[in-house]
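One structure is given below, encoded as structure tokens.
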Amino acid sequence: MDLAKKNQQIKALKSEVNEFHPLLNELFRRLPDITHVEYTHGIHEMGADFVLRKQDQTLERQSYIGVVVKVGSIKQDHSKINEQIEECSVPRKADGGKNEIFISEVWVVTNGNISHGAQQKIHHKYRDKNIQFLQGTDITTYIDKFYMNYWTDISIELGNYFREVSESSKYMTKNVDMLDVSDHLGFEIEQKFRSHSDVTHTDPGRTKAPKILGVSEILEKDNFIFIQGSMGTGKSSIISKLTKQYSTNEHFNSSKTVPFPVTFQEFVNTYNSNIEEIISLINEKVSLDEIHYLIMIDGLDELNETNTEKFNRVKSIYQTANGHENCKVLITSRPFEELDLSNKVANLFSVFDIIPLSIKQIVKVIDYVCTTGDVKNKLLKDLEKSHLFKVLPRTPISAIILAKLLKQDIKEIPSTMTELYAKYTEIVLGRWNMSRGFQSQSEYDTAQNVTANVAKYMLDNQLPQLSLSEFKVMFDDYVNARKLEIDQEQVFESLISNEELFILDKNRSVINFVHRTFAEYFYAIHLNRDHSAVISENIYTLYWSNVYFFYFGLNRDSRSLVQELSKIEFTSPEARLAHTFHNGNLLLAAYLTPYEYIKQSVLNSYREASEFYEQAISKKIETPLLALPQMHILSIISYGLATSYGYDFFMDILEERSIEISTRSGDVSELEMAELFFINSTLVYNDKFNSFDLMINNYGRHIPLAFKIGIQHYVVIKKVGNHSSIVKKYLKDVKKSVQKTTGVRQAILQLLEKPVQESTRVN
């Protein structure tokens, strides 16, 4: 819009109260040095439609401005303006009635013109007063400079709403500021997604690998979206980015959609787990007839509830929002560990997995942060050889922490994620660099131990943040109970101002960890320090699993802990199955444990998974998974094992066991055949493409139909061209037999579609 049209738009405002006042109310709040705006128009205005509080940067003092507003041009008759100027001299209450103030400056504001003669007369009459005139062209200039969004076709109240949700999103996701690579690294790591069903559901007719999608594409798929990813995959960052995107006038004009970001804890505590309350709140703030709602609820896993309670919340959200055609809901969470609940969520929501970053993306982060060429090249070479690079979760947080750590010119690459966090937190707390705030080992130990205590307190009580006063009490209690020769106040200030670990909101007097994983790491330090860890079924829950991942990592030679895993008593068969999926991460963390203990635990996991599968399809156990078709159960188990154990660290164990079963003389049991399929599936997942060859050569005719379909599934997922001629020929032969035999086609249909509880076993 050109300048003439903008001036004309301002001049066209007819209603002082309904049109011009709302515009000025918003504009004044954006002007520099204006620290407070009171709208005082009415019978008690005492001449000023607005009272502004201004901060004088030179004198560091506050003054008050009275604003007299008119619409239209001001020429000869300005008697009403004179009256208002005179009334501005009257002392009044301001700042919400807290202070009695005097107005020292008056602005006369209009959306039209103020004639030169009128200005002269007013100045002459009130030459002892500081009077400024703002005409329509001045208002246009200030809008261009401080309020550009005004020129788009949205209401002021909608603009205010967008600013409000953007600010709340910033606070809600301030813990991902360190991950906002567009601001901190100069480029953006684009997160990609894949439909969970494309990976876990076997389709013998599929000829292409699952499609990779962007966030905009998945929002088009359904009104109910469930995004799941492990720690540090950027789930909160996704909501932050979407809020920014949907809070622009341009996007609203095309989509008519308003965003509403909220944490799950806030959704429960503030909005009573009720979507209707949120919709009503949006309607109060934005009074438009035809709008769509994008309600984004972050961190289902951060509720310390049972999975059943979590699912009931998800179900309630679906049932409530489903009654609104114009409502879209997005939920983020770490994945459910209980498979039946994961399947129930998938029946209500379209579930998408966050795809790990590529090696290229991780290297790009390191390349950008480590700007010194020689150091960078050496580090990248060392990194490629390291154990860490093989087990590093390819997530934004791990990439950025690693990059920041490497920038410190460390002498040795960490070996695990726990070591990565340990080295990073040692550096940011200043253990090896006293210039960072702590001058002694005692000060460092105090900072670490208090941080661990705070982490335990916050996670035990599900606190999204902690009041600064509570933090101070915990700090003082720790120090006062010990004879420490430290500067108590200086150490406290250094700790709370550490921006690499904490976010300090001085306005609200609250503090929080920059990312939940730091709270989980320091909680593990507390468990290790106080020897208070309890190895039970609870360590696999969404809320606690990462704490114990770090705990196992702190005890890297953990033979006793690894053995304890096999002694856990579970309340259900599917809970025992879920633990086999999660043990892979714990074993990676405990990588210094003698390999024989690791081997026993890995093989136990595959045997237990095979037993579960055989008992389920034979209907020898009671489990909600019997409501699924056999191929669905097979796919869930093979995918869970593959993602947990698909690391080089476990390959020797799995290859040895695969060869042992495949080359055994005589027949193998149904249980061993299942174990062999699951092991080979994991090997193929880790790009060992000929892993099914021995199984096919030795048992080809006797391989159960479900496993034949499963082999085809992994061939498609991992790209047909990479597989051996043995696998390709075998699948061609299977395809021919299916085409020739009606009974085989019917059996495949049963495997794919009929729930196990309603079917007979297919071999």
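Residue numbering restarts at 1 in every chain; chains get A, B, ... in the order shown in the structure tokens, and ligands count up from 1 in that same order.
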
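Those residues of range 191-261 of chain A that DSSP, working from the backbone, places in strand (DSSP E or B) are Phe193, Arg194, Ser195, Leu213, Phe224, Ile225, Phe226, Ile227, Gln228, Thr257, Val258, Pro259, Phe260 and Pro261 of chain A.
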
Contact residues around range 456-467 of chain A with only C-alpha atoms at 12 Å, ignoring same-chain residues under 4 positions, as a PyMOL selection string: chain A and resi 171-175+263-266+269+299+301-305+449-452+471-474+496+502-527+530+532+543-544+546-547

Minimum-distance residue to Val727 in chain A, chosen among A:Asp693, A:Asp557, A:Glu670, A:Glu26 (using only C-alpha atoms):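 Answer, going by the shortest atom-to-atom distance: A:Asp693.
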
Selection: 12 Å around Met631 in chain A, only C-alpha atoms, excl. self and same-chain fewer than 4 positions, as a ChimeraX atom specification: /A:200-204,613,616-617,625-627,635-639,704-711,713,747-756,761-762

Contacts of range 664-669 of chain A at 10 Å (only C-alpha atoms; same-chain gap of 5+ positions) as a ChimeraX atom specification: /A:659,674-676,698-699,702

A:Phe349, A:Gly232, A:Val68, A:Glu83 ranked by distance to Ile400 in chain A, top pick (using only C-alpha atoms):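 Among A:Phe349, A:Gly232, A:Val68, A:Glu83, it is A:Gly232 that comes nearest to Ile400 in chain A.
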
Atom-to-atom span, CA of Gln135 in chain A and CA of Asn7 in chain A, Å: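 If I compute the distance from CA of Gln135 in chain A to CA of Asn7 in chain A, I get 10.2 Å.
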
Contact residues around Thr541 in chain A with only C-alpha atoms at 9 Å, ignoring same-chain residues under 5 positions, as a VMD selection string: chain A and resid 301 304 306 to 307 336 to 338

Could you write out that same residue set with all heavy atoms as a PDB file, in the first residue's frame?
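This went into part_19.pdb:
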ATOM      1  N   ASP A 301       3.726 -36.365  27.755  1.00  0.00           N
ATOM      2  CA  ASP A 301       4.601 -37.207  28.569  1.00  0.00           C
ATOM      3  C   ASP A 301       5.048 -36.534  29.857  1.00  0.00           C
ATOM      4  O   ASP A 301       5.563 -37.201  30.763  1.00  0.00           O
ATOM      5  CB  ASP A 301       5.844 -37.597  27.758  1.00  0.00           C
ATOM      6  CG  ASP A 301       6.558 -36.376  27.196  1.00  0.00           C
ATOM      7  OD1 ASP A 301       6.026 -35.774  26.260  1.00  0.00           O
ATOM      8  OD2 ASP A 301       7.629 -36.010  27.718  1.00  0.00           O
ATOM      9  N   ASN A 304       2.896 -36.803  35.165  1.00  0.00           N
ATOM     10  CA  ASN A 304       3.264 -38.019  35.884  1.00  0.00           C
ATOM     11  C   ASN A 304       1.993 -38.795  36.226  1.00  0.00           C
ATOM     12  O   ASN A 304       1.545 -38.843  37.370  1.00  0.00           O
ATOM     13  CB  ASN A 304       4.049 -37.678  37.150  1.00  0.00           C
ATOM     14  CG  ASN A 304       4.641 -38.912  37.807  1.00  0.00           C
ATOM     15  OD1 ASN A 304       4.686 -39.982  37.211  1.00  0.00           O
ATOM     16  ND2 ASN A 304       5.100 -38.764  39.040  1.00  0.00           N
ATOM     17  N   THR A 306      -0.512 -42.441  34.953  1.00  0.00           N
ATOM     18  CA  THR A 306      -0.443 -43.726  34.272  1.00  0.00           C
ATOM     19  C   THR A 306      -0.776 -43.509  32.805  1.00  0.00           C
ATOM     20  O   THR A 306      -1.417 -42.520  32.427  1.00  0.00           O
ATOM     21  CB  THR A 306      -1.437 -44.728  34.872  1.00  0.00           C
ATOM     22  OG1 THR A 306      -2.784 -44.275  34.615  1.00  0.00           O
ATOM     23  CG2 THR A 306      -1.229 -44.869  36.377  1.00  0.00           C
ATOM     24  N   ASN A 307      -0.347 -44.445  31.989  1.00  0.00           N
ATOM     25  CA  ASN A 307      -0.653 -44.326  30.562  1.00  0.00           C
ATOM     26  C   ASN A 307      -2.150 -44.361  30.300  1.00  0.00           C
ATOM     27  O   ASN A 307      -2.644 -43.722  29.369  1.00  0.00           O
ATOM     28  CB  ASN A 307       0.041 -45.436  29.778  1.00  0.00           C
ATOM     29  CG  ASN A 307       1.509 -45.128  29.560  1.00  0.00           C
ATOM     30  OD1 ASN A 307       1.910 -43.971  29.644  1.00  0.00           O
ATOM     31  ND2 ASN A 307       2.303 -46.142  29.296  1.00  0.00           N
ATOM     32  N   PHE A 336       4.355 -43.643  23.596  1.00  0.00           N
ATOM     33  CA  PHE A 336       3.853 -44.534  24.645  1.00  0.00           C
ATOM     34  C   PHE A 336       4.706 -45.787  24.681  1.00  0.00           C
ATOM     35  O   PHE A 336       5.115 -46.313  23.643  1.00  0.00           O
ATOM     36  CB  PHE A 336       2.403 -44.946  24.369  1.00  0.00           C
ATOM     37  CG  PHE A 336       1.392 -43.916  24.762  1.00  0.00           C
ATOM     38  CD1 PHE A 336       0.639 -43.258  23.799  1.00  0.00           C
ATOM     39  CD2 PHE A 336       1.173 -43.603  26.083  1.00  0.00           C
ATOM     40  CE1 PHE A 336      -0.300 -42.309  24.154  1.00  0.00           C
ATOM     41  CE2 PHE A 336       0.235 -42.661  26.450  1.00  0.00           C
ATOM     42  CZ  PHE A 336      -0.509 -42.011  25.480  1.00  0.00           C
ATOM     43  N   GLU A 337       4.961 -46.301  25.885  1.00  0.00           N
ATOM     44  CA  GLU A 337       5.722 -47.540  25.976  1.00  0.00           C
ATOM     45  C   GLU A 337       4.809 -48.763  25.934  1.00  0.00           C
ATOM     46  O   GLU A 337       5.271 -49.868  25.670  1.00  0.00           O
ATOM     47  CB  GLU A 337       6.577 -47.560  27.258  1.00  0.00           C
ATOM     48  CG  GLU A 337       5.825 -47.635  28.565  1.00  0.00           C
ATOM     49  CD  GLU A 337       5.421 -46.254  29.073  1.00  0.00           C
ATOM     50  OE1 GLU A 337       5.626 -45.272  28.343  1.00  0.00           O
ATOM     51  OE2 GLU A 337       4.882 -46.185  30.192  1.00  0.00           O
ATOM     52  N   GLU A 338       3.506 -48.583  26.205  1.00  0.00           N
ATOM     53  CA  GLU A 338       2.581 -49.713  26.161  1.00  0.00           C
ATOM     54  C   GLU A 338       1.896 -49.739  24.800  1.00  0.00           C
ATOM     55  O   GLU A 338       1.239 -48.780  24.391  1.00  0.00           O
ATOM     56  CB  GLU A 338       1.556 -49.612  27.291  1.00  0.00           C
ATOM     57  CG  GLU A 338       2.183 -49.810  28.662  1.00  0.00           C
ATOM     58  CD  GLU A 338       1.144 -49.883  29.772  1.00  0.00           C
ATOM     59  OE1 GLU A 338      -0.035 -50.141  29.453  1.00  0.00           O
ATOM     60  OE2 GLU A 338       1.503 -49.677  30.938  1.00  0.00           O
TER      61      GLU A 338
END

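Near range 580-596 of chain A, within a cut-off of 6 Å and counting only C-alpha atoms, sit the residues Phe549, Phe552, Gly553, Arg556, Asp557, Ser558, Arg559, Ser605, Gly640, Leu641, Ser644 and Tyr645 of chain A, with same-chain residues fewer than 5 positions away left out.
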
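Residue nearest Tyr444 in chain A, chosen from A:Glu16, A:Asp95, A:Glu426, A:Glu284 and counting only C-alpha atoms: A:Glu426.
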
Separation of CA of Lys221 in chain A from CA of Ala642 in chain A, in Å and rounded to one decimal: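 A separation of 27.1 Å between them.
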